[in-house]
file coords-v3.cif (mmCIF, C-alpha atoms; chains and numbers go by the auth columns)
data_coords
#
loop_
_atom_site.group_PDB
_atom_site.id
_atom_site.type_symbol
_atom_site.label_atom_id
_atom_site.label_comp_id
_atom_site.label_asym_id
_atom_site.label_seq_id
_atom_site.Cartn_x
_atom_site.Cartn_y
_atom_site.Cartn_z
_atom_site.B_iso_or_equiv
_atom_site.auth_seq_id
_atom_site.auth_asym_id
ATOM 1 C CA MET A 1 3.262 25.139 12.543 0.00 1 A
ATOM 2 C CA VAL A 2 2.660 25.671 16.283 0.00 2 A
ATOM 3 C CA ASN A 3 -1.090 26.087 15.673 0.00 3 A
ATOM 4 C CA THR A 4 -1.128 22.856 13.642 0.00 4 A
ATOM 5 C CA CYS A 5 0.605 20.970 16.467 0.00 5 A
ATOM 6 C CA ILE A 6 -1.758 22.395 19.095 0.00 6 A
ATOM 7 C CA THR A 7 -4.777 21.515 16.933 0.00 7 A
ATOM 8 C CA LEU A 8 -3.450 17.979 16.440 0.00 8 A
ATOM 9 C CA ILE A 9 -2.851 17.513 20.186 0.00 9 A
ATOM 10 C CA LEU A 10 -6.293 18.865 21.110 0.00 10 A
ATOM 11 C CA THR A 11 -8.029 16.752 18.469 0.00 11 A
ATOM 12 C CA SER A 12 -6.166 13.630 19.628 0.00 12 A
ATOM 13 C CA THR A 13 -7.082 14.317 23.253 0.00 13 A
ATOM 14 C CA ILE A 14 -10.758 14.773 22.408 0.00 14 A
ATOM 15 C CA LEU A 15 -10.848 11.634 20.282 0.00 15 A
ATOM 16 C CA LEU A 16 -9.183 9.563 22.984 0.00 16 A
ATOM 17 C CA ALA A 17 -11.710 10.790 25.524 0.00 17 A
ATOM 18 C CA LEU A 18 -14.671 9.651 23.418 0.00 18 A
ATOM 19 C CA PRO A 19 -15.945 6.128 24.015 0.00 19 A
ATOM 20 C CA LEU A 20 -14.977 3.745 21.238 0.00 20 A
ATOM 21 C CA ALA A 21 -17.879 2.266 19.313 0.00 21 A
ATOM 22 C CA HIS A 22 -17.821 -1.456 18.729 0.00 22 A
ATOM 23 C CA SER A 23 -15.193 -2.210 21.353 0.00 23 A
ATOM 24 C CA LEU A 24 -15.259 -4.841 24.050 0.00 24 A
ATOM 25 C CA ASP A 25 -14.811 -3.218 27.422 0.00 25 A
ATOM 26 C CA GLN A 26 -13.747 -5.455 30.257 0.00 26 A
ATOM 27 C CA ASP A 27 -12.554 -4.328 33.620 0.00 27 A
ATOM 28 C CA PRO A 28 -9.101 -5.317 34.923 0.00 28 A
ATOM 29 C CA THR A 29 -10.553 -8.139 37.040 0.00 29 A
ATOM 30 C CA ALA A 30 -12.135 -9.790 33.988 0.00 30 A
ATOM 31 C CA ILE A 31 -8.831 -9.521 32.124 0.00 31 A
ATOM 32 C CA GLN A 32 -6.957 -11.065 35.079 0.00 32 A
ATOM 33 C CA GLU A 33 -9.405 -13.971 35.136 0.00 33 A
ATOM 34 C CA TRP A 34 -8.905 -14.478 31.407 0.00 34 A
ATOM 35 C CA PHE A 35 -5.124 -14.668 31.912 0.00 35 A
ATOM 36 C CA LYS A 36 -5.518 -17.121 34.813 0.00 36 A
ATOM 37 C CA ASN A 37 -7.407 -19.468 32.469 0.00 37 A
ATOM 38 C CA LEU A 38 -4.902 -19.032 29.637 0.00 38 A
ATOM 39 C CA PRO A 39 -2.908 -22.240 30.377 0.00 39 A
ATOM 40 C CA ASN A 40 -6.126 -24.279 30.100 0.00 40 A
ATOM 41 C CA MET A 41 -7.316 -22.708 26.858 0.00 41 A
ATOM 42 C CA THR A 42 -7.049 -24.419 23.502 0.00 42 A
ATOM 43 C CA THR A 43 -5.390 -22.406 20.751 0.00 43 A
ATOM 44 C CA LYS A 44 -7.651 -21.688 17.782 0.00 44 A
ATOM 45 C CA LEU A 45 -6.635 -21.063 14.196 0.00 45 A
ATOM 46 C CA THR A 46 -8.913 -18.711 12.254 0.00 46 A
ATOM 47 C CA HIS A 47 -8.876 -17.849 8.551 0.00 47 A
ATOM 48 C CA LEU A 48 -10.426 -14.517 7.559 0.00 48 A
ATOM 49 C CA HIS A 49 -11.005 -13.365 3.984 0.00 49 A
ATOM 50 C CA PHE A 50 -12.143 -9.834 3.140 0.00 50 A
ATOM 51 C CA TYR A 51 -11.557 -6.817 0.915 0.00 51 A
ATOM 52 C CA LEU A 52 -10.224 -3.441 2.016 0.00 52 A
ATOM 53 C CA HIS A 53 -11.518 -0.355 0.151 0.00 53 A
ATOM 54 C CA ASP A 54 -8.883 2.416 0.234 0.00 54 A
ATOM 55 C CA LEU A 55 -10.583 5.513 -1.209 0.00 55 A
ATOM 56 C CA LEU A 56 -8.667 8.730 -1.827 0.00 56 A
ATOM 57 C CA SER A 57 -11.222 10.292 -4.195 0.00 57 A
ATOM 58 C CA GLY A 58 -14.949 10.848 -4.522 0.00 58 A
ATOM 59 C CA SER A 59 -17.440 12.369 -2.126 0.00 59 A
ATOM 60 C CA ASN A 60 -16.581 9.993 0.765 0.00 60 A
ATOM 61 C CA PRO A 61 -12.823 9.369 0.829 0.00 61 A
ATOM 62 C CA THR A 62 -11.534 7.077 3.569 0.00 62 A
ATOM 63 C CA VAL A 63 -7.877 8.160 3.407 0.00 63 A
ATOM 64 C CA PHE A 64 -6.367 11.577 4.059 0.00 64 A
ATOM 65 C CA ARG A 65 -2.749 12.632 3.729 0.00 65 A
ATOM 66 C CA VAL A 66 -1.760 14.259 7.020 0.00 66 A
ATOM 67 C CA ALA A 67 1.959 14.933 6.531 0.00 67 A
ATOM 68 C CA GLN A 68 4.817 14.817 4.077 0.00 68 A
ATOM 69 C CA SER A 69 8.561 15.373 3.998 0.00 69 A
ATOM 70 C CA ASN A 70 10.377 18.078 2.094 0.00 70 A
ATOM 71 C CA ILE A 71 11.175 15.562 -0.689 0.00 71 A
ATOM 72 C CA THR A 72 7.773 13.848 -1.018 0.00 72 A
ATOM 73 C CA SER A 73 6.649 15.861 -4.049 0.00 73 A
ATOM 74 C CA THR A 74 9.860 15.094 -5.995 0.00 74 A
ATOM 75 C CA SER A 75 10.370 11.499 -4.840 0.00 75 A
ATOM 76 C CA PRO A 76 9.371 8.758 -7.329 0.00 76 A
ATOM 77 C CA THR A 77 8.022 6.760 -4.361 0.00 77 A
ATOM 78 C CA ALA A 78 6.373 9.736 -2.585 0.00 78 A
ATOM 79 C CA PHE A 79 8.815 9.049 0.246 0.00 79 A
ATOM 80 C CA GLY A 80 7.784 10.611 3.525 0.00 80 A
ATOM 81 C CA PHE A 81 4.045 10.984 3.020 0.00 81 A
ATOM 82 C CA ILE A 82 1.854 9.860 5.914 0.00 82 A
ATOM 83 C CA ALA A 83 -1.858 9.127 5.618 0.00 83 A
ATOM 84 C CA MET A 84 -4.627 8.272 8.074 0.00 84 A
ATOM 85 C CA ALA A 85 -7.146 5.682 6.945 0.00 85 A
ATOM 86 C CA ASP A 86 -10.576 4.495 8.009 0.00 86 A
ATOM 87 C CA ASP A 87 -11.219 1.989 5.221 0.00 87 A
ATOM 88 C CA LEU A 88 -14.187 -0.351 4.833 0.00 88 A
ATOM 89 C CA LEU A 89 -13.660 -4.109 5.121 0.00 89 A
ATOM 90 C CA THR A 90 -16.212 -6.059 3.097 0.00 90 A
ATOM 91 C CA THR A 91 -16.999 -9.652 2.125 0.00 91 A
ATOM 92 C CA GLY A 92 -16.503 -8.946 -1.580 0.00 92 A
ATOM 93 C CA PRO A 93 -14.675 -6.499 -3.834 0.00 93 A
ATOM 94 C CA GLU A 94 -17.839 -4.555 -4.640 0.00 94 A
ATOM 95 C CA PRO A 95 -18.351 -1.408 -2.532 0.00 95 A
ATOM 96 C CA ASN A 96 -21.900 -2.514 -1.658 0.00 96 A
ATOM 97 C CA SER A 97 -20.758 -5.905 -0.272 0.00 97 A
ATOM 98 C CA THR A 98 -21.579 -6.773 3.317 0.00 98 A
ATOM 99 C CA VAL A 99 -19.495 -4.672 5.705 0.00 99 A
ATOM 100 C CA LEU A 100 -17.376 -6.701 8.143 0.00 100 A
ATOM 101 C CA GLY A 101 -15.601 -3.787 9.786 0.00 101 A
ATOM 102 C CA ARG A 102 -12.989 -1.096 9.191 0.00 102 A
ATOM 103 C CA ALA A 103 -9.229 -0.800 8.849 0.00 103 A
ATOM 104 C CA GLN A 104 -8.213 2.173 10.945 0.00 104 A
ATOM 105 C CA GLY A 105 -4.655 3.382 11.157 0.00 105 A
ATOM 106 C CA VAL A 106 -1.675 5.040 9.566 0.00 106 A
ATOM 107 C CA TYR A 107 0.460 4.265 6.566 0.00 107 A
ATOM 108 C CA GLY A 108 3.319 6.081 4.957 0.00 108 A
ATOM 109 C CA SER A 109 5.900 5.769 2.226 0.00 109 A
ATOM 110 C CA ALA A 110 9.036 4.441 3.901 0.00 110 A
ATOM 111 C CA CYS A 111 11.154 3.382 0.929 0.00 111 A
ATOM 112 C CA LEU A 112 13.222 5.521 -1.430 0.00 112 A
ATOM 113 C CA GLU A 113 13.640 2.779 -4.053 0.00 113 A
ATOM 114 C CA GLU A 114 10.150 1.329 -4.584 0.00 114 A
ATOM 115 C CA ALA A 115 6.579 1.897 -3.452 0.00 115 A
ATOM 116 C CA GLY A 116 6.932 0.435 0.034 0.00 116 A
ATOM 117 C CA LEU A 117 4.552 1.451 2.787 0.00 117 A
ATOM 118 C CA LEU A 118 4.959 1.092 6.519 0.00 118 A
ATOM 119 C CA MET A 119 1.479 0.134 7.720 0.00 119 A
ATOM 120 C CA THR A 120 0.073 0.076 11.207 0.00 120 A
ATOM 121 C CA MET A 121 -3.627 -0.757 11.169 0.00 121 A
ATOM 122 C CA ASN A 122 -6.295 -1.909 13.546 0.00 122 A
ATOM 123 C CA LEU A 123 -8.717 -4.224 11.791 0.00 123 A
ATOM 124 C CA VAL A 124 -11.903 -3.430 13.716 0.00 124 A
ATOM 125 C CA PHE A 125 -14.614 -6.035 13.194 0.00 125 A
ATOM 126 C CA THR A 126 -18.278 -5.043 13.445 0.00 126 A
ATOM 127 C CA GLY A 127 -19.897 -8.065 11.784 0.00 127 A
ATOM 128 C CA ALA A 128 -21.871 -10.580 13.833 0.00 128 A
ATOM 129 C CA ASP A 129 -19.133 -13.216 14.208 0.00 129 A
ATOM 130 C CA TYR A 130 -16.369 -10.975 15.600 0.00 130 A
ATOM 131 C CA ASN A 131 -18.215 -7.780 16.606 0.00 131 A
ATOM 132 C CA GLY A 132 -16.033 -5.694 18.893 0.00 132 A
ATOM 133 C CA SER A 133 -12.867 -7.689 18.232 0.00 133 A
ATOM 134 C CA THR A 134 -9.736 -6.298 16.596 0.00 134 A
ATOM 135 C CA LEU A 135 -6.532 -7.460 14.974 0.00 135 A
ATOM 136 C CA SER A 136 -3.393 -5.311 14.929 0.00 136 A
ATOM 137 C CA LEU A 137 -1.341 -5.331 11.742 0.00 137 A
ATOM 138 C CA LEU A 138 2.155 -3.866 11.541 0.00 138 A
ATOM 139 C CA GLY A 139 4.418 -4.339 8.580 0.00 139 A
ATOM 140 C CA ARG A 140 5.812 -3.463 5.181 0.00 140 A
ATOM 141 C CA ASN A 141 3.508 -3.339 2.182 0.00 141 A
ATOM 142 C CA ALA A 142 5.356 -3.298 -1.162 0.00 142 A
ATOM 143 C CA VAL A 143 2.186 -2.283 -2.986 0.00 143 A
ATOM 144 C CA PHE A 144 3.222 -3.238 -6.533 0.00 144 A
ATOM 145 C CA HIS A 145 4.318 -6.770 -5.623 0.00 145 A
ATOM 146 C CA PRO A 146 1.728 -9.420 -6.567 0.00 146 A
ATOM 147 C CA TYR A 147 1.465 -10.693 -2.973 0.00 147 A
ATOM 148 C CA ARG A 148 2.558 -9.051 0.261 0.00 148 A
ATOM 149 C CA GLU A 149 2.864 -10.594 3.705 0.00 149 A
ATOM 150 C CA MET A 150 2.354 -8.528 6.843 0.00 150 A
ATOM 151 C CA PRO A 151 2.406 -9.741 10.432 0.00 151 A
ATOM 152 C CA ILE A 152 -0.560 -9.709 12.776 0.00 152 A
ATOM 153 C CA VAL A 153 1.016 -8.690 16.075 0.00 153 A
ATOM 154 C CA GLY A 154 -1.954 -8.768 18.428 0.00 154 A
ATOM 155 C CA GLY A 155 -5.656 -8.396 18.900 0.00 155 A
ATOM 156 C CA SER A 156 -8.509 -7.892 21.308 0.00 156 A
ATOM 157 C CA GLY A 157 -11.855 -9.492 22.114 0.00 157 A
ATOM 158 C CA THR A 158 -12.115 -12.862 20.361 0.00 158 A
ATOM 159 C CA PHE A 159 -8.603 -12.276 19.015 0.00 159 A
ATOM 160 C CA ARG A 160 -6.953 -11.352 22.319 0.00 160 A
ATOM 161 C CA MET A 161 -3.193 -12.053 22.056 0.00 161 A
ATOM 162 C CA ALA A 162 -3.520 -13.119 18.416 0.00 162 A
ATOM 163 C CA ARG A 163 -0.553 -13.668 16.165 0.00 163 A
ATOM 164 C CA GLY A 164 -0.510 -14.464 12.521 0.00 164 A
ATOM 165 C CA VAL A 165 -0.021 -13.312 8.971 0.00 165 A
ATOM 166 C CA ALA A 166 -2.030 -11.260 6.501 0.00 166 A
ATOM 167 C CA THR A 167 -1.383 -12.080 2.853 0.00 167 A
ATOM 168 C CA VAL A 168 -2.622 -9.271 0.638 0.00 168 A
ATOM 169 C CA LYS A 169 -3.100 -8.843 -3.083 0.00 169 A
ATOM 170 C CA THR A 170 -4.283 -5.797 -4.990 0.00 170 A
ATOM 171 C CA TYR A 171 -7.647 -6.602 -6.551 0.00 171 A
ATOM 172 C CA ASP A 172 -8.116 -3.246 -8.274 0.00 172 A
ATOM 173 C CA PHE A 173 -6.066 -0.041 -8.438 0.00 173 A
ATOM 174 C CA ASN A 174 -7.002 3.181 -10.206 0.00 174 A
ATOM 175 C CA LEU A 175 -3.803 4.989 -11.220 0.00 175 A
ATOM 176 C CA THR A 176 -5.669 8.266 -11.736 0.00 176 A
ATOM 177 C CA SER A 177 -7.517 8.492 -8.411 0.00 177 A
ATOM 178 C CA GLY A 178 -5.284 6.303 -6.259 0.00 178 A
ATOM 179 C CA ASP A 179 -8.332 4.316 -5.106 0.00 179 A
ATOM 180 C CA ALA A 180 -7.624 0.660 -4.410 0.00 180 A
ATOM 181 C CA VAL A 181 -9.430 -2.524 -3.453 0.00 181 A
ATOM 182 C CA VAL A 182 -7.125 -4.983 -1.723 0.00 182 A
ATOM 183 C CA GLU A 183 -7.879 -8.646 -1.021 0.00 183 A
ATOM 184 C CA TYR A 184 -6.835 -9.894 2.434 0.00 184 A
ATOM 185 C CA ASN A 185 -6.345 -13.495 3.564 0.00 185 A
ATOM 186 C CA VAL A 186 -5.539 -13.548 7.261 0.00 186 A
ATOM 187 C CA MET A 187 -4.485 -16.548 9.315 0.00 187 A
ATOM 188 C CA VAL A 188 -4.410 -15.981 13.053 0.00 188 A
ATOM 189 C CA GLU A 189 -3.712 -18.122 16.050 0.00 189 A
ATOM 190 C CA HIS A 190 -5.567 -17.021 19.158 0.00 190 A
#
call {"tool": "encode", "arguments": {"input": "coords-v3.cif", "output": "structure tokens"}}
result
Amino acid sequence: MVNTCITLILTSTILLALPLAHSLDQDPTAIQEWFKNLPNMTTKLTHLHFYLHDLLSGSNPTVFRVAQSNITSTSPTAFGFIAMADDLLTTGPEPNSTVLGRAQGVYGSACLEEAGLLMTMNLVFTGADYNGSTLSLLGRNAVFHPYREMPIVGGSGTFRMARGVATVKTYDFNLTSGDAVVEYNVMVEH
């Protein structure tokens, strides 16, 4: 257990020290100038539509379980499991659709009564329109409900200080592998 914790801390430290690809880097002075102009800026409303590919199986999975509780294996909702994800975001449900970015973050089973995930994800955009910009999603995802609503609580780059809502719907789910394709409609004010 101690070795696992030390490995996790060292890995986290190394990853944080690496430069982030596809990020907008502005110095504190540029950020201060942006905030000074904030009262004069016009608020924009942006609608984004994309598909998230959550792959637990195959030769290139994008999700890995990193922890579980002592009841996860006997819980009907897999309560207590935690997974790290680096899922593709694409224009269509097909895996070979144009890549718009990645959903990078953590989700875990946080409900004893139904399949309800706590999700915290950074939607990292790499496509031409929003390259280097991110949206931060934090919310509950009741995965077997037809539609789920999760708040957008912030962003960076084009979406600096964004707020909004992501409405999600499962497009495809493989009960055997756990792989899923999820349709996202996101409305953000920024």
call {"tool": "atom_distance", "arguments": {"input": "coords-v3.cif", "atom1": "CA of Ser156 (chain A)", "atom2": "CA of Asp27 (chain A)"}}
result
13.4 Å
call {"tool": "resolve_selection", "arguments": {"input": "coords-v3.cif", "expression": "the PyMOL selection byres ((chain A and resi 85) around 8)", "output": "list of chain:residue names"}}
result
A:Asp54, A:Thr62, A:Val63, A:Phe64, A:Ala83, A:Met84, A:Asp86, A:Asp87, A:Ala103, A:Gln104, A:Gly105, A:Val106, A:Tyr107
call {"tool": "closest_residue", "arguments": {"input": "coords-v3.cif", "among": "A:Gly157, A:Gly108, A:Pro146, A:Pro151", "to": "Tyr130 (chain A)", "atoms": "only C-alpha atoms"}}
result
A:Gly157
call {"tool": "resolve_selection", "arguments": {"input": "coords-v3.cif", "expression": "the PyMOL selection byres ((chain A and resi 168-185) around 12)", "output": "VMD selection string"}}
result
chain A and resid 46 to 58 60 to 64 87 to 95 103 123 137 139 to 152 164 to 167 186 to 188
call {"tool": "closest_residue", "arguments": {"input": "coords-v3.cif", "among": "A:Ser59, A:Thr43, A:Asn96, A:Asn70", "to": "Arg160 (chain A)", "atoms": "all atoms listed in the file"}}
result
A:Thr43
call {"tool": "closest_residue", "arguments": {"input": "coords-v3.cif", "among": "A:Ala30, A:Leu118, A:Thr42, A:Ala110", "to": "Ser75 (chain A)", "atoms": "all atoms listed in the file"}}
result
A:Ala110
call {"tool": "atom_distance", "arguments": {"input": "coords-v3.cif", "atom1": "CA of Met161 (chain A)", "atom2": "CA of Lys44 (chain A)"}}
result
11.4 Å
call {"tool": "atom_distance", "arguments": {"input": "coords-v3.cif", "atom1": "CA of Gly80 (chain A)", "atom2": "CA of Gln68 (chain A)"}}
result
5.2 Å
call {"tool": "axis_aligned_box", "arguments": {"input": "coords-v3.cif", "around": "region 56-67 of chain A", "padding_each_side": "4 Å", "output": "lines of an AutoDock Vina configuration file"}}
result
center_x = -7.7
center_y = 11.0
center_z = 1.2
size_x = 27.4
size_y = 15.9
size_z = 19.5
call {"tool": "resolve_selection", "arguments": {"input": "coords-v3.cif", "expression": "the PyMOL selection byres ((chain A and resi 101) around 6)", "output": "VMD selection string"}}
result
chain A and resid 89 99 to 100 102 124 to 126
call {"tool": "closest_residue", "arguments": {"input": "coords-v3.cif", "among": "A:Lys36, A:His190, A:Arg163, A:Arg65", "to": "Ala78 (chain A)", "atoms": "only C-alpha atoms"}}
result
A:Arg65
